[in-house]
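Structure, as structure tokens:
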Amino acid sequence: MDTFVSLCKRRGFVFQSSEIYGGIGGFWDYGPLGVELKNNIKKSWWRATVQEREDVVGIETAIVMNPRVWEASGHVQTFADPMVDCKNCKHRFRTDDLKANDPSREGRCPECGGELTESRMFNLMFKTFIGPVEDEASIAYLRPETAQGMFVNFENVLTTMRKKLPFGIAQIGRSFRNEITPGNFIFRDREFEQMEMEFFVMPGTDEEWHDRWIESRFSWWTDALGVRKENLRIREHATEELSHYSKRTVDIEYDFPFAGFAEIEGIANRTDFDLKQHEQFAGRTLRYFDEASGEQVIPYVVEPAMGVDRCFLTLLIDSYAEEEVRGEKRTVLRLKPELAPIKVAILPLSRNEQLVPPAHRVWDLLRPHFMTQYDDAQSIGRRYRRQDEIGTPCCVTVDFDTLNDEAVTIRERDEMTQVRVPIANLVDALREKLDGC
Ligand code: GAP
């Protein structure tokens with residue numbers, strides 16, 4: 001993990017939030033390269049989940065919702081983790097983490113060996129107050145999942161978009177959980193981004209749709225993101241593990257070097273739980289008129305739900321490689337071109353004043369088409385290594401021959417092959433190498 005934390009900090013992917021004040025546990029900032037990778041992950045998910053499908057639409061809902069939403073959804077009563085405190089050093093732990101880490105030390109603090117309190121439940125929702133008065137009546141919550149935004153807008157979307165079952169509503173947005181033990185870098189945060197989709201189906205077809213979505217989501221991880229299949233698995237939740245709303249849940253898990261297999265996405269059959277609850281709490285009918293039977297039905301819901309930050313970490317780890325090239329170590333992120341933060345680096349062979357104008361001309365030519373970076377510091381070999389380390393698929397080198405032949409060299413990250421290309425054909429040649437992105 002130290003390797004990834006250090007790479008992320010050194011190369012501008014992820015910084016500790018409020019670092020100059022000593023940071024704050026469970027909160028992270030994304031740097032210039034991190035925000036590019038994150039946006040590329042979101043674009044890929046949105047394309048597969050909304051743009052390419054005829055049966056899913058997207059929305060964006062508010063983070064703070066009417067607090068009744070969280071009573072209806074069950075989060076006020078049940079969104080809690082069991083925790084224990086150390087009576088000696090006052091550290092707080094998740095009870096299930098303690099058991100998993102070292103069952104032989106159960107009942108003792110892993111930090112100081114002190115005695116632990118009895119396990120008690122701790123609600124994970126962040127509370128805030130709306131308006132100037134801080135009393136019970138003004139309590140509101142930062143959403144712990146984006147899903148409820150879709151349920152409370154079911155009727156709005158159904159009527160405005162004239163949708164027929166089955167159809168889905170998707171959303172990307174921030175969620176907040178006051179995790180007892182945030183950690184493993186960006187794996188478990190207190191503020192994170194989710195990409196969730198609620199797929200509304202006719203009751204009775206839910207199990208079949210659930211299976212379809214499990215298959216389709218697994219393929220997205222392998223085909224769209226290029227995560228290696230051997231590092232992924234599908235795990236069925238045991239009955240006692242199921243969330244209060246779920247009839248069946250399956251996790252897609254990644255084999256993390258620091259934790260073994262752990263959840264990166266959950267695909268749940270939420271039944272008609274949420275719509276029924278909102279009908280009851282809001283006193284509104286949230287039904288679908290089924291023309292075939294002439295009846296009003298409450299749809300069932302299949303929900304694929306994943307976290308952007310956990311996906312980011314998965315991609316860093318899965319694409320990371322260390323190799324030896326001509327006796328030297330090279331670190332490379334083998335990210336798919338569409339995910340890479342920088343697509344093309346422009347590297348003049350040196351800072352010689354004759355090379356600066358053509359190198360800048362090439363940079364000006366490429367900037368409207370690709371995310372680029374210009375780098376003229378240190379030797380060309382060092383600069384190739386720097387680009388490999390952040391996953392840049394193509395480098396364009398401007399050298400003294402360019403002054404005569406109006407051509408440049410494209411060097412590819414994975415095979416390190418080099419081809420000479422006329423500047424006039426450069427955009428097309430790069431587009432072909434970058435799989436059209
Ligand atoms: N609406 C269902 C739901 O929120 P979840 O399994 O609690 O289900 C879905 O969360 C995904 O959100 C997880 O698979 C994970 O990728 C991400 N996630 C959940 N809690 C997280 C946290 N504290 N930090 C980072 N990502 C988190």
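How things are named: the first chain in the structure tokens is A, the next is B, and so on; residues count from 1 in each chain; ligands count from 1 in the order shown.
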
*Could you list, as a ChimeraX atom specification, all the residues within 8 Å of ligand 1, counting only C-alpha atoms and all ligand atoms?*
/A:144-148,176-179,182,186-196,251-252,263-266,268,303-311

_All residues 10 Å or closer to region 423-433 of chain A, only C-alpha atoms, same chain fewer than 3 positions away omitted, as a PyMOL selection string_ = chain A and resi 337+343-344+358+361-362+365-366+369-370+393-396+402+405-410+412+420+436-437

*Proximity to Arg383 (chain A) - best of A:Asp399, A:His360, A:Leu349, A:Pro110, only C-alpha atoms*: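 Checking each candidate against Arg383 (chain A), we get A:Leu349 as the closest.
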
*Mind the document's chain letters and residue numbers, and return as a PyMOL selection string the residues of region 344-430 of chain A that DSSP labels strand (DSSP E or B).*
chain A and resi 344-348+372-374+394-398+407-412+418-422

Would you save the residues of that selection, restricted to N, CA and C atoms, as a PDB file, in the first residue's frame?
ATOM      1  N   VAL A 344      -1.368  11.885 -24.185  1.00  0.00           N
ATOM      2  CA  VAL A 344      -0.174  12.129 -24.998  1.00  0.00           C
ATOM      3  C   VAL A 344       0.755  13.116 -24.281  1.00  0.00           C
ATOM      4  N   ALA A 345       2.042  12.740 -24.199  1.00  0.00           N
ATOM      5  CA  ALA A 345       3.033  13.686 -23.663  1.00  0.00           C
ATOM      6  C   ALA A 345       3.867  14.211 -24.818  1.00  0.00           C
ATOM      7  N   ILE A 346       4.147  15.515 -24.800  1.00  0.00           N
ATOM      8  CA  ILE A 346       4.966  16.124 -25.858  1.00  0.00           C
ATOM      9  C   ILE A 346       6.340  16.398 -25.253  1.00  0.00           C
ATOM     10  N   LEU A 347       7.354  15.769 -25.841  1.00  0.00           N
ATOM     11  CA  LEU A 347       8.692  15.836 -25.273  1.00  0.00           C
ATOM     12  C   LEU A 347       9.700  16.326 -26.314  1.00  0.00           C
ATOM     13  N   PRO A 348      10.124  17.595 -26.239  1.00  0.00           N
ATOM     14  CA  PRO A 348      11.232  18.007 -27.106  1.00  0.00           C
ATOM     15  C   PRO A 348      12.500  17.272 -26.648  1.00  0.00           C
ATOM     16  N   THR A 372      -3.168  16.404 -22.698  1.00  0.00           N
ATOM     17  CA  THR A 372      -1.723  16.335 -22.975  1.00  0.00           C
ATOM     18  C   THR A 372      -0.901  16.866 -21.810  1.00  0.00           C
ATOM     19  N   GLN A 373       0.377  16.583 -21.863  1.00  0.00           N
ATOM     20  CA  GLN A 373       1.322  17.183 -20.903  1.00  0.00           C
ATOM     21  C   GLN A 373       2.605  17.485 -21.672  1.00  0.00           C
ATOM     22  N   TYR A 374       3.181  18.649 -21.408  1.00  0.00           N
ATOM     23  CA  TYR A 374       4.442  19.054 -22.059  1.00  0.00           C
ATOM     24  C   TYR A 374       5.533  18.896 -21.018  1.00  0.00           C
ATOM     25  N   CYS A 394       0.983   7.320 -24.980  1.00  0.00           N
ATOM     26  CA  CYS A 394       1.832   7.740 -26.104  1.00  0.00           C
ATOM     27  C   CYS A 394       2.663   8.975 -25.745  1.00  0.00           C
ATOM     28  N   CYS A 395       3.937   8.949 -26.152  1.00  0.00           N
ATOM     29  CA  CYS A 395       4.785  10.143 -26.056  1.00  0.00           C
ATOM     30  C   CYS A 395       5.138  10.569 -27.475  1.00  0.00           C
ATOM     31  N   VAL A 396       5.166  11.876 -27.698  1.00  0.00           N
ATOM     32  CA  VAL A 396       5.552  12.400 -29.011  1.00  0.00           C
ATOM     33  C   VAL A 396       6.861  13.163 -28.840  1.00  0.00           C
ATOM     34  N   THR A 397       7.902  12.718 -29.522  1.00  0.00           N
ATOM     35  CA  THR A 397       9.212  13.357 -29.372  1.00  0.00           C
ATOM     36  C   THR A 397       9.521  14.240 -30.576  1.00  0.00           C
ATOM     37  N   VAL A 398       9.910  15.463 -30.262  1.00  0.00           N
ATOM     38  CA  VAL A 398      10.292  16.426 -31.299  1.00  0.00           C
ATOM     39  C   VAL A 398      11.816  16.528 -31.259  1.00  0.00           C
ATOM     40  N   ALA A 407       8.352  15.843 -39.224  1.00  0.00           N
ATOM     41  CA  ALA A 407       7.800  14.600 -38.664  1.00  0.00           C
ATOM     42  C   ALA A 407       8.247  14.480 -37.204  1.00  0.00           C
ATOM     43  N   VAL A 408       7.546  13.636 -36.457  1.00  0.00           N
ATOM     44  CA  VAL A 408       7.901  13.428 -35.044  1.00  0.00           C
ATOM     45  C   VAL A 408       7.868  11.925 -34.763  1.00  0.00           C
ATOM     46  N   THR A 409       8.346  11.540 -33.578  1.00  0.00           N
ATOM     47  CA  THR A 409       8.349  10.118 -33.223  1.00  0.00           C
ATOM     48  C   THR A 409       7.275   9.853 -32.179  1.00  0.00           C
ATOM     49  N   ILE A 410       6.448   8.825 -32.433  1.00  0.00           N
ATOM     50  CA  ILE A 410       5.491   8.394 -31.393  1.00  0.00           C
ATOM     51  C   ILE A 410       6.095   7.184 -30.701  1.00  0.00           C
ATOM     52  N   ARG A 411       6.200   7.263 -29.391  1.00  0.00           N
ATOM     53  CA  ARG A 411       6.721   6.136 -28.612  1.00  0.00           C
ATOM     54  C   ARG A 411       5.571   5.607 -27.754  1.00  0.00           C
ATOM     55  N   GLU A 412       5.355   4.271 -27.839  1.00  0.00           N
ATOM     56  CA  GLU A 412       4.228   3.683 -27.112  1.00  0.00           C
ATOM     57  C   GLU A 412       4.659   3.126 -25.767  1.00  0.00           C
ATOM     58  N   GLN A 418       8.734   2.602 -31.384  1.00  0.00           N
ATOM     59  CA  GLN A 418       8.746   3.991 -31.858  1.00  0.00           C
ATOM     60  C   GLN A 418       8.461   4.023 -33.357  1.00  0.00           C
ATOM     61  N   VAL A 419       7.614   4.957 -33.773  1.00  0.00           N
ATOM     62  CA  VAL A 419       7.367   5.128 -35.217  1.00  0.00           C
ATOM     63  C   VAL A 419       7.452   6.611 -35.556  1.00  0.00           C
ATOM     64  N   ARG A 420       7.926   6.855 -36.774  1.00  0.00           N
ATOM     65  CA  ARG A 420       8.040   8.246 -37.243  1.00  0.00           C
ATOM     66  C   ARG A 420       6.761   8.590 -38.011  1.00  0.00           C
ATOM     67  N   VAL A 421       6.180   9.759 -37.694  1.00  0.00           N
ATOM     68  CA  VAL A 421       4.894  10.132 -38.306  1.00  0.00           C
ATOM     69  C   VAL A 421       4.952  11.605 -38.723  1.00  0.00           C
ATOM     70  N   PRO A 422       4.507  11.935 -39.950  1.00  0.00           N
ATOM     71  CA  PRO A 422       4.448  13.350 -40.340  1.00  0.00           C
ATOM     72  C   PRO A 422       3.489  14.112 -39.411  1.00  0.00           C
TER      73      PRO A 422
END

Pick out the residues sitting within 10 Å of Arg284 (chain A), and hand them over as an mmCIF file with all heavy atoms, in the first residue's frame; count only C-alpha atoms, and ignore anything fewer than 5 positions along from it in its own chain.
data_model
loop_
_atom_site.group_PDB
_atom_site.id
_atom_site.type_symbol
_atom_site.label_atom_id
_atom_site.label_comp_id
_atom_site.auth_asym_id
_atom_site.auth_seq_id
_atom_site.Cartn_x
_atom_site.Cartn_y
_atom_site.Cartn_z
ATOM 1 N N GLU A 155 -41.545 8.603 -9.413
ATOM 2 C CA GLU A 155 -42.746 9.083 -10.103
ATOM 3 C C GLU A 155 -42.413 10.213 -11.087
ATOM 4 O O GLU A 155 -42.926 10.245 -12.208
ATOM 5 C CB GLU A 155 -43.723 9.591 -9.046
ATOM 6 C CG GLU A 155 -45.145 9.574 -9.504
ATOM 7 C CD GLU A 155 -46.059 10.206 -8.458
ATOM 8 O OE1 GLU A 155 -45.571 10.644 -7.394
ATOM 9 O OE2 GLU A 155 -47.255 10.279 -8.744
ATOM 10 N N LEU A 275 -39.800 1.465 -2.368
ATOM 11 C CA LEU A 275 -40.994 2.169 -2.862
ATOM 12 C C LEU A 275 -42.153 2.010 -1.872
ATOM 13 O O LEU A 275 -42.891 2.960 -1.608
ATOM 14 C CB LEU A 275 -41.380 1.674 -4.252
ATOM 15 C CG LEU A 275 -40.454 2.096 -5.404
ATOM 16 C CD1 LEU A 275 -40.937 1.527 -6.732
ATOM 17 C CD2 LEU A 275 -40.339 3.628 -5.500
ATOM 18 N N LYS A 276 -42.283 0.817 -1.311
ATOM 19 C CA LYS A 276 -43.362 0.580 -0.331
ATOM 20 C C LYS A 276 -43.186 1.475 0.886
ATOM 21 O O LYS A 276 -44.137 2.065 1.380
ATOM 22 C CB LYS A 276 -43.298 -0.875 0.142
ATOM 23 C CG LYS A 276 -44.290 -1.781 -0.531
ATOM 24 C CD LYS A 276 -44.301 -3.113 0.210
ATOM 25 C CE LYS A 276 -45.342 -4.030 -0.379
ATOM 26 N NZ LYS A 276 -45.007 -5.420 -0.125
ATOM 27 N N HIS A 278 -41.590 4.341 1.060
ATOM 28 C CA HIS A 278 -41.854 5.753 0.735
ATOM 29 C C HIS A 278 -43.345 5.999 0.522
ATOM 30 O O HIS A 278 -43.842 7.080 0.850
ATOM 31 C CB HIS A 278 -41.032 6.185 -0.485
ATOM 32 C CG HIS A 278 -39.565 6.311 -0.179
ATOM 33 N ND1 HIS A 278 -39.092 7.119 0.833
ATOM 34 C CD2 HIS A 278 -38.471 5.705 -0.713
ATOM 35 C CE1 HIS A 278 -37.766 7.019 0.897
ATOM 36 N NE2 HIS A 278 -37.369 6.158 -0.025
ATOM 37 N N GLU A 279 -44.051 5.008 0.019
ATOM 38 C CA GLU A 279 -45.521 5.141 -0.104
ATOM 39 C C GLU A 279 -46.111 5.401 1.270
ATOM 40 O O GLU A 279 -46.903 6.311 1.475
ATOM 41 C CB GLU A 279 -46.131 3.839 -0.642
ATOM 42 C CG GLU A 279 -46.192 3.753 -2.126
ATOM 43 C CD GLU A 279 -47.309 2.817 -2.597
ATOM 44 O OE1 GLU A 279 -47.840 2.030 -1.796
ATOM 45 O OE2 GLU A 279 -47.633 2.883 -3.795
#

Would you mind listing, for every residue of region 310-421 of chain A within 10 Å of region 22-46 of chain A, the two atoms forming the shortest contact and the distance between them in Å to one decimal, using only C-alpha atoms, sorted by chain and ascending residue number, as a tab-separated table?
residue	atom	partner	partner_atom	distance
A:Cys311	CA	A:Ile41	CA	7.9
A:Phe312	CA	A:Lys38	CA	6.7
A:Leu315	CA	A:Leu37	CA	9.5
A:Leu316	CA	A:Leu37	CA	9.8
A:Leu335	CA	A:Leu37	CA	9.7
A:Pro337	CA	A:Asn40	CA	9.9
A:Glu338	CA	A:Asn40	CA	6.9
A:Leu339	CA	A:Asn40	CA	5.2
A:Ala340	CA	A:Leu37	CA	6.2
A:Pro341	CA	A:Glu36	CA	4.8
A:Ile342	CA	A:Leu33	CA	7.6
A:Met371	CA	A:Glu36	CA	8.9
A:Ile390	CA	A:Leu33	CA	8.2

Could the residues in this selection be written to a file with N, CA, C and O atoms, as a JSON list (two decimals), in the first residue's frame?
[["chain", "number", "residue", "atom", "x", "y", "z"],
["A", 311, "CYS", "N", -12.90, 1.95, -6.96],
["A", 311, "CYS", "CA", -12.59, 1.55, -8.34],
["A", 311, "CYS", "C", -11.23, 2.15, -8.75],
["A", 311, "CYS", "O", -10.41, 1.49, -9.39],
["A", 312, "PHE", "N", -11.01, 3.38, -8.34],
["A", 312, "PHE", "CA", -9.75, 4.09, -8.61],
["A", 312, "PHE", "C", -8.58, 3.29, -8.03],
["A", 312, "PHE", "O", -7.58, 3.02, -8.71],
["A", 315, "LEU", "N", -7.97, 0.06, -9.95],
["A", 315, "LEU", "CA", -7.28, 0.27, -11.23],
["A", 315, "LEU", "C", -5.80, 0.53, -11.04],
["A", 315, "LEU", "O", -4.97, 0.02, -11.79],
["A", 316, "LEU", "N", -5.48, 1.34, -10.02],
["A", 316, "LEU", "CA", -4.05, 1.62, -9.76],
["A", 316, "LEU", "C", -3.31, 0.32, -9.50],
["A", 316, "LEU", "O", -2.23, 0.07, -10.05],
["A", 335, "LEU", "N", -2.77, 1.26, -17.85],
["A", 335, "LEU", "CA", -4.18, 1.65, -17.92],
["A", 335, "LEU", "C", -4.64, 1.64, -19.37],
["A", 335, "LEU", "O", -3.86, 1.96, -20.27],
["A", 337, "PRO", "N", -6.10, 3.16, -22.65],
["A", 337, "PRO", "CA", -5.97, 4.56, -23.07],
["A", 337, "PRO", "C", -7.13, 5.44, -22.64],
["A", 337, "PRO", "O", -6.94, 6.57, -22.21],
["A", 338, "GLU", "N", -8.35, 4.90, -22.69],
["A", 338, "GLU", "CA", -9.49, 5.76, -22.36],
["A", 338, "GLU", "C", -9.51, 6.15, -20.87],
["A", 338, "GLU", "O", -10.14, 7.13, -20.48],
["A", 339, "LEU", "N", -8.80, 5.38, -20.03],
["A", 339, "LEU", "CA", -8.77, 5.69, -18.60],
["A", 339, "LEU", "C", -7.56, 6.54, -18.20],
["A", 339, "LEU", "O", -7.56, 7.22, -17.18],
["A", 340, "ALA", "N", -6.51, 6.49, -19.02],
["A", 340, "ALA", "CA", -5.26, 7.17, -18.66],
["A", 340, "ALA", "C", -5.50, 8.66, -18.47],
["A", 340, "ALA", "O", -6.17, 9.31, -19.28],
["A", 341, "PRO", "N", -4.94, 9.25, -17.39],
["A", 341, "PRO", "CA", -5.16, 10.69, -17.13],
["A", 341, "PRO", "C", -4.60, 11.55, -18.26],
["A", 341, "PRO", "O", -5.23, 12.51, -18.68],
["A", 342, "ILE", "N", -3.40, 11.24, -18.71],
["A", 342, "ILE", "CA", -2.78, 11.96, -19.82],
["A", 342, "ILE", "C", -2.69, 10.99, -21.00],
["A", 342, "ILE", "O", -2.19, 9.88, -20.85],
["A", 371, "MET", "N", -5.99, 14.95, -23.89],
["A", 371, "MET", "CA", -5.42, 15.48, -22.64],
["A", 371, "MET", "C", -3.90, 15.29, -22.77],
["A", 371, "MET", "O", -3.43, 14.17, -22.96],
["A", 390, "ILE", "N", 2.79, 7.22, -14.84],
["A", 390, "ILE", "CA", 1.41, 7.74, -14.69],
["A", 390, "ILE", "C", 0.48, 7.16, -15.76],
["A", 390, "ILE", "O", -0.66, 7.57, -15.87]]

*Leaving out Glu215 (chain A) and any residue of its chain fewer than 4 positions from it, which residues lie within 12 Å of it when counting only C-alpha atoms, given as JSON, numbers by chain?*
{"A": [208, 209, 210, 211, 219, 220, 221, 222, 223, 233, 234, 250, 251, 252, 267, 304]}

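Across the model, the gap from CA of Tyr384 (chain A) to CA of Thr331 (chain A) is 10.5 Å.
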
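In terms of minimum interatomic distance to Leu124 (chain A), A:Phe79 ranks closest within A:Phe273, A:Phe79, A:Phe15, A:Phe261, counting only C-alpha atoms.
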
*Determine which residues of region 68-180 of chain A receive a DSSP assignment of alpha helix (DSSP H), computed from the backbone, and state them as a list in words.*
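Filtering region 68-180 of chain A to alpha helix (DSSP H) leaves Arg68, Val69, Trp70, Glu71, Ala72, His75, Val76, Gln77, Thr78, Thr95, Asp96, Asp97, Leu98, Lys99, Ala100, Asn101, Ala147, Gln148, Gly149, Met150, Phe151, Val152, Phe154, Glu155, Asn156, Val157, Leu158, Thr159 and Thr160 of chain A.
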
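Shortest atom-to-atom contact with Met150 (chain A) among A:Gln280, A:Thr249, A:Thr61, A:Ser293: A:Thr61, counting only C-alpha atoms.
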
_Selection near Glu71 (chain A), 10 Å with only C-alpha atoms, sequence-local residues under 4 positions removed, as a list in words_ = Asn66, Pro67, His75, Val76, Gln77, Thr78, Gln277, His278 and Phe281 of chain A

Env of region 135-141 of chain A: 9 Å cut, atoms = only C-alpha atoms, seq-sep filter 4 positions within chain, self excluded. Answer as a CSV table (one decimal) with N, CA, C and O atoms, in the first residue's frame.
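What follows is the written file out.csv:
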chain,number,residue,atom,x,y,z
A,63,ILE,N,-27.7,16.2,-2.0
A,63,ILE,CA,-27.0,15.4,-1.0
A,63,ILE,C,-27.9,15.4,0.3
A,63,ILE,O,-28.0,14.4,1.0
A,64,VAL,N,-28.4,16.6,0.6
A,64,VAL,CA,-29.3,16.7,1.8
A,64,VAL,C,-30.7,16.6,1.4
A,64,VAL,O,-31.2,17.3,0.5
A,65,MET,N,-31.4,15.6,2.0
A,65,MET,CA,-32.8,15.3,1.6
A,65,MET,C,-33.7,15.5,2.9
A,65,MET,O,-33.2,15.6,4.0
A,66,ASN,N,-35.0,15.5,2.7
A,66,ASN,CA,-35.9,15.6,3.8
A,66,ASN,C,-35.5,14.4,4.8
A,66,ASN,O,-35.5,13.3,4.3
A,67,PRO,N,-35.3,14.7,6.1
A,67,PRO,CA,-34.9,13.6,7.0
A,67,PRO,C,-35.9,12.4,7.1
A,67,PRO,O,-35.5,11.3,7.4
A,70,TRP,N,-34.8,9.2,5.4
A,70,TRP,CA,-33.9,8.2,6.0
A,70,TRP,C,-34.6,7.4,7.1
A,70,TRP,O,-34.2,6.4,7.5
A,125,MET,N,-24.5,7.7,9.9
A,125,MET,CA,-24.9,8.9,9.1
A,125,MET,C,-24.4,10.1,9.8
A,125,MET,O,-24.5,10.3,11.0
A,126,PHE,N,-23.9,11.0,9.0
A,126,PHE,CA,-23.4,12.4,9.4
A,126,PHE,C,-24.6,13.2,9.6
A,126,PHE,O,-25.5,13.3,8.7
A,127,LYS,N,-24.7,13.9,10.8
A,127,LYS,CA,-25.8,14.8,11.1
A,127,LYS,C,-25.4,16.2,10.8
A,127,LYS,O,-24.3,16.6,11.1
A,128,THR,N,-26.4,17.0,10.4
A,128,THR,CA,-26.2,18.5,10.4
A,128,THR,C,-27.5,19.2,10.8
A,128,THR,O,-28.5,18.5,11.1
A,129,PHE,N,-27.5,20.5,10.8
A,129,PHE,CA,-28.7,21.2,11.1
A,129,PHE,C,-29.1,22.1,9.9
A,129,PHE,O,-28.2,22.8,9.4
A,130,ILE,N,-30.3,22.3,9.7
A,130,ILE,CA,-30.8,23.2,8.6
A,130,ILE,C,-31.3,24.5,9.3
A,130,ILE,O,-32.1,24.4,10.2
A,131,GLY,N,-30.8,25.6,8.8
A,131,GLY,CA,-31.3,26.9,9.4
A,131,GLY,C,-30.5,27.2,10.6
A,131,GLY,O,-29.5,26.6,11.0

*In Å, rounded to a single decimal, give me how far CA of Arg270 (chain A) is from CA of Val302 (chain A).*
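Here the two named atoms are 6.0 Å from each other.
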
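Distance-wise, CA of Gly294 (chain A) and CA of Val201 (chain A) end up 16.2 Å apart.
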